[in-house]
Every structure is written in structure tokens, then in C-alpha cells.
Amino acid sequence: MSTLMVQGTTSDAGKSTLVTALCRWLLRQGVSVVPFKPQNMALNSAVTADGGEIGRAQAVQAQAANLAPHTDMNPVLLKPNSDTGSQVIIHGRAVTSMNAVAYHDYKAIAMQAVLASHERLKGAYQVVMVEGAGSPAEINLRAGDIANMGFAEAVDCPVLLIADINRGGVFAHLVGTLELLSPSEQARVKGFIINRFRGDLALLQPGLDWLEARTGKPVIGVLPYVMDLHLEAEDGIDQRQAGKVEQLLKVVVPVLPRISNHTDFDPLRLHPQVDLQFIGPGQAIPAADLIILPGSKSVRGDLAYLRGNGWEQALARHLRYGGKVLGICGGLQMLGEQLHDPLGLEGAAGSSPGLGLLAFETVLEEEKQLRNVSGRLTLENAAVSGYEIHAGVTRGPALEQAAVQLDDGRRDGALSADGQILGTYLHGLFETPAACSALLRWAGLEAVQEVDYHALRERDIERLADLVENHLDTAALRRLCGL
């Protein structure tokens, strides 16, 4: 049994992508491999087979390894609810919220959860493929580290260091990171991978030779820049769009400060008939066919932000002109008449008026609801599947005309009497081709091209494994994996 860890010189250096690629590459060779991220900080999450919550990137990596997502794959998940504090999720369950200083002291407890999960995975799989978080050279966070070298030292595993050359300064990133590590940590780094290179490799070769001579460590390979590769983002919003046809449905998503699970919109971004725009602070909401209010980790605060940007008036104008509005999770809660947070779960305890577009109220309760679900949309009776992650419980007469009839007998969300406004707790509803097509027709697109989002994701996972095979030293990788 073996553990190999991928750490990065910066956030977004390519750690998630490389772990996904390595999982599928190993799977192709008949190796039982499992992804693992000791600690993740992200507002994009997924519901696991055992009814918990993990980072969305680990769910994609699980797909690459042909596994159902499990809480052991990401034992510690931090979901920021302010600039200085986060909800702390251990083994899939929210245990507390605390500020950064308090969490620093809590990390010794969190480490026990990390090591317990790793031990279980190590006993069940040939290779545990580990993703670090941020950079191992964050000097202020080194004490009690559980996400990078602190974990690697605790389980005695080798490390690969990846850097993104597209950012510039790749050799400084690699050498500087190595210099800031302790001698034992430096020895643990077994090689470098350079990510997102475009150009003639011959021009890079003198730098690679210098790097190996300077550090005494091999370059395992150089991964090329792939323009149209799609993997669900861990945090940053991916706004790339390509290959659009002339007949486009215009969809707008206001970007809220605590927007969560914005991967909900990836199927729309990749759909050839959808022009998806994310609207940021200070921007006016343009004319659109559909406005989607996204999920939020701080619904009352994000609703106040929405109002402060003048977007409430834009929503009203949009509806007067016959446009459609969809609210997902926190966005659903905003559509109602009142939002109550009596326990102060997402900020200061209190209540806020909702947008008043649907007749219901929401109360945030301590027990978070986590479910993978399937059912039928009210629209066209289209099949839909997705997942619920919410603390809010919503009640009111608008729910009598539900948006979704779930297979477990429950009804979800609401569809307004005039058919203009739809709200649901289901994340991931656009990933089901029939549901996506029905929603696009509801929003005004007449001849909808059905797109299989799962197949698109699978295609790109396969492309990643091809990159490993064609551009990395696979013999060195096999040795590092103990094969």
C-alpha cells in the first residue's frame, strides 16, 4: 500500500487536475486508487454516498477513480461564511463555526480525523493519491499544518511539487518553495511537474536542466496548456465559453460574496446554445431570458449585498418584461417573504425580509440536510437528479405547487402560478440532460440541443489521463506509487 502526495507552489497551480489525471491513469492500469485531500477550503461541495459533505473536486476525483464519493476522501472541509471565519465540517458533518485563530488551535483535533481517514483508505486501496492545499511554504500556517507537509511528515509519504508556468516565474516558484521547507521536507519532494506550458519545449529545456542541477531533483514532466479542458472548479468561477451557435439563450447569474456550488452552472457554460454571464459588483444586470439566483453560504448577508447593488430592482424589471427567474438553494430562500436565522448560523442572529416573490418563509436550523436525490420536474415531467446541502427549512403556501416531485415521496421547491419563477433546493439539476433541456425550453429556448454533461466530464478526465501517459515520466510515477 502506498501514498503519494501532490503539492503546489500556489493555489490553482494544478493540484486538483493532476490528482484527477493520476487517478484515472492508475485506474486504466488496473490499480485500485482513491483520492484524498486532508483539508479543503471551498464553497463548492458534494454529498457523499455515506450522507456527508466533501469538496466538489474530490467528488470529481472519485469519478476518475470509478468510486462513489465518500467522506474519508476529504475528512476536513472548511466553508467560509465571512472573511475571518468558516463552518468546520469533520467527516462530512458540520461540527462548529470558528474564526481563523480558533481553528489554528483546533487543528490538532482535526488532524486526528485526517489520520483516521487516511488509515482506513490505506487499508482498502493500493494507492492513496493525496492533494495538498494552497502552498506548503505559507510560513504563517506551518505550525500544526495538516494540509501539506504536516500531513506528509505524519504519514511519511513522497511529494510531487507542481507549478503553473502560465502565471510566470515558474522557476522562482519551485526553487523558492523548496528553499522555505525544512531539510526533512525538502528530502520528501521527489520531483517537479510544470503545468500549462505552451510553446516549443526546446526553449524551456535549458531552464529544466538548470532546475535539476540547482535542486538535485528530477523534472517528472511538463504538461501542456489545454485551452478547452473542463474540470469543476474548487473555488474560482470559470467563465470560459466557446463553440456557441447563433441562437442563444441569455442567462445571467449575479455573483454574491458567499456564492456556493457555482459548479451548478458549468453545464450551462458548456452548452452550445447558452450565453452565460456572471455579473459582479457594480455591474448592471443586462437584458436576459433567465436570471438565476445561486446558492449562498450566507443568505441574509448576500441578499443585502444583492439589494445594495440595485439588483432587486433589476429583477423586478426583468419579471415585468416577461423574463424567467430561477433560485437554487440559497437563491430559493431569497425568493420568499422572510429569512430567519435565530441561532446565528450564518452571521448575526436575526431575520431579513426576502424578495417577496413566492409565498413562503425559511428558518435556518442547526441540522444541515444532506441528500443525493432524484425525481421529476414539474416542467415536462422531466427526469432530474441532484443533491441537497442546506440548513434552511422552508414552509408556506407557494410550496403547494412544487418544482420537483422527488422519488422519496417529498416535494421540493415551488413554481409560481404564472410560471415565471421557479425555486428549488436541488444543486446539480442542469447535469441531467432531460432536466436541463426542459429548463432551457421553460426559459425560452425553442429547439434545444440535448447535452450530456456527465459524458463531457468523463471525456476530459480521459484526456487528462492521456496527458499523464504522453508527457510525464510514467516509470518514475509508478515507482513513487510503490508499483
# chains A, B, ... in the order shown; residues from 1 in each chain; ligands from 1

$ select_by_dssp --residues "region 18-186 of chain A" --states "strand (DSSP E or B)" --output "PyMOL selection string"
chain A and resi 33-36+39-41+45-47+53-55+76-80+85-90+93-99+127-131+159-164

$ residues_around --residues "Arg320 (chain A)" --least-positions-apart "5" --cutoff "12 Å" --atoms "only C-alpha atoms" --output "PDB file with N, CA and C atoms, in the first residue's frame"
ATOM      1  N   GLN A 313     -34.174  45.735  -7.963  1.00  0.00           N
ATOM      2  CA  GLN A 313     -34.959  46.487  -8.946  1.00  0.00           C
ATOM      3  C   GLN A 313     -34.805  45.886 -10.338  1.00  0.00           C
ATOM      4  N   ALA A 314     -33.592  45.405 -10.651  1.00  0.00           N
ATOM      5  CA  ALA A 314     -33.363  44.775 -11.953  1.00  0.00           C
ATOM      6  C   ALA A 314     -34.175  43.490 -12.090  1.00  0.00           C
ATOM      7  N   LEU A 315     -34.285  42.732 -10.995  1.00  0.00           N
ATOM      8  CA  LEU A 315     -35.108  41.523 -11.012  1.00  0.00           C
ATOM      9  C   LEU A 315     -36.571  41.859 -11.286  1.00  0.00           C
ATOM     10  N   VAL A 325     -37.091  33.660 -13.715  1.00  0.00           N
ATOM     11  CA  VAL A 325     -36.171  33.705 -12.580  1.00  0.00           C
ATOM     12  C   VAL A 325     -36.124  32.325 -11.944  1.00  0.00           C
ATOM     13  N   ASP A 418     -47.892  31.966 -12.328  1.00  0.00           N
ATOM     14  CA  ASP A 418     -47.749  32.445 -13.715  1.00  0.00           C
ATOM     15  C   ASP A 418     -46.618  31.750 -14.465  1.00  0.00           C
ATOM     16  N   GLN A 420     -43.439  32.043 -14.130  1.00  0.00           N
ATOM     17  CA  GLN A 420     -42.232  32.838 -14.375  1.00  0.00           C
ATOM     18  C   GLN A 420     -41.097  32.556 -13.400  1.00  0.00           C
ATOM     19  N   ILE A 421     -41.429  32.094 -12.199  1.00  0.00           N
ATOM     20  CA  ILE A 421     -40.439  31.962 -11.126  1.00  0.00           C
ATOM     21  C   ILE A 421     -40.407  30.518 -10.646  1.00  0.00           C
TER      22      ILE A 421
END

$ residues_around --residues "Leu406 (chain A)" --least-positions-apart "5" --cutoff "12 Å" --atoms "only C-alpha atoms" --output "list in words"
Arg371, Asn372, Val373, Ser374, Gly375, Arg376, Leu377, Thr378, Asn381, Ala382, Ala383, Val384, Ser385, Gly386, Tyr387, Glu388, Arg411, Asp412, Gly413, Thr424, Tyr425 and Leu426 of chain A

$ write_last_selection --atoms "C-alpha atoms" --output "compact mmCIF listing (two decimals), in the first residue's frame"
# COMPACT_ATOMS: atom_id res chain seq x y z
CA ARG A 371 -29.08 14.15 0.38
CA ASN A 372 -28.49 12.80 -3.10
CA VAL A 373 -31.91 12.83 -4.73
CA SER A 374 -33.75 12.10 -7.95
CA GLY A 375 -37.25 12.75 -9.20
CA ARG A 376 -39.27 14.60 -11.82
CA LEU A 377 -39.53 18.28 -12.64
CA THR A 378 -43.00 19.80 -12.76
CA ASN A 381 -42.27 15.72 -16.07
CA ALA A 382 -38.55 15.62 -16.94
CA ALA A 383 -36.25 13.29 -15.02
CA VAL A 384 -33.86 15.13 -12.69
CA SER A 385 -31.19 14.20 -10.17
CA GLY A 386 -29.07 16.32 -7.89
CA TYR A 387 -28.13 16.90 -4.28
CA GLU A 388 -29.31 18.95 -1.32
CA ARG A 411 -41.88 17.59 -2.92
CA ASP A 412 -39.23 20.24 -3.46
CA GLY A 413 -39.34 23.95 -4.20
CA THR A 424 -35.52 24.51 -5.86
CA TYR A 425 -33.10 23.16 -3.28
CA LEU A 426 -31.52 20.84 -5.86

$ residues_around --residues "region 115-132 of chain A" --least-positions-apart "5" --cutoff "7 Å" --atoms "only C-alpha atoms" --output "number ranges by chain"
A: 1-7, 15-16, 19, 31-37, 72, 75, 147-148, 481

$ closest_residue --among "A:Ser416, A:Thr177, A:Ala443, A:Val159" --to "Lys250 (chain A)" --atoms "only C-alpha atoms"
A:Ala443

$ residues_around --residues "Ala163 (chain A)" --least-positions-apart "6" --cutoff "6 Å" --atoms "only C-alpha atoms" --output "list in words"
Gly8, Thr9, Ala13, Ile194 and Asn195 of chain A

$ write_last_selection --atoms "C-alpha atoms" --output "short mmCIF file (atom, residue, chain, number, x, y, z; two decimals), in the first residue's frame"
data_model
loop_
_atom_site.label_atom_id
_atom_site.label_comp_id
_atom_site.auth_asym_id
_atom_site.auth_seq_id
_atom_site.Cartn_x
_atom_site.Cartn_y
_atom_site.Cartn_z
CA GLY A 8 1.53 23.10 -5.39
CA THR A 9 3.63 26.23 -5.28
CA ALA A 13 -1.26 25.50 -9.69
CA ILE A 194 5.41 22.08 -14.66
CA ASN A 195 1.83 22.74 -15.69
#

$ closest_atom_pairs --of "region 4-94 of chain A" --to "region 336-346 of chain A" --cutoff "9 Å" --atoms "only C-alpha atoms" --output "tab-separated table"
residue	atom	partner	partner_atom	distance
A:Asn81	CA	A:Glu346	CA	6.4
A:Ser82	CA	A:Glu346	CA	8.6
A:Gln87	CA	A:Glu346	CA	8.8

$ residues_around --residues "Leu208 (chain A)" --least-positions-apart "5" --cutoff "10 Å" --atoms "only C-alpha atoms" --output "NGL selection string"
:A and (171 or 192 or 194 or 201-203 or 213-214 or 218-219 or 221-222)

$ write_last_selection --atoms "C-alpha atoms" --output "short mmCIF file (atom, residue, chain, number, x, y, z; two decimals), in the first residue's frame"
data_model
loop_
_atom_site.label_atom_id
_atom_site.label_comp_id
_atom_site.auth_asym_id
_atom_site.auth_seq_id
_atom_site.Cartn_x
_atom_site.Cartn_y
_atom_site.Cartn_z
CA PHE A 171 11.46 28.55 -11.56
CA PHE A 192 8.72 18.67 -10.09
CA ILE A 194 5.41 22.08 -14.66
CA LEU A 201 9.68 22.63 -25.25
CA ALA A 202 13.20 23.02 -26.60
CA LEU A 203 13.17 26.64 -25.42
CA ALA A 213 21.18 20.83 -11.35
CA ARG A 214 20.24 23.52 -8.82
CA PRO A 218 14.16 15.50 -11.37
CA VAL A 219 11.53 17.18 -13.51
CA GLY A 221 7.42 16.21 -16.87
CA VAL A 222 5.83 19.27 -18.45
#

$ residues_around --residues "Trp25 (chain A)" --least-positions-apart "5" --cutoff "8 Å" --atoms "only C-alpha atoms" --output "number ranges by chain"
A: 465-466, 468-469

$ closest_residue --among "A:Gln273, A:Ser296, A:Gln58, A:Thr10" --to "Leu249 (chain A)" --atoms "only C-alpha atoms"
A:Gln273

$ closest_residue --among "A:Pro433, A:Gly310, A:Gly331, A:Pro272" --to "Asp452 (chain A)" --atoms "only C-alpha atoms"
A:Pro433
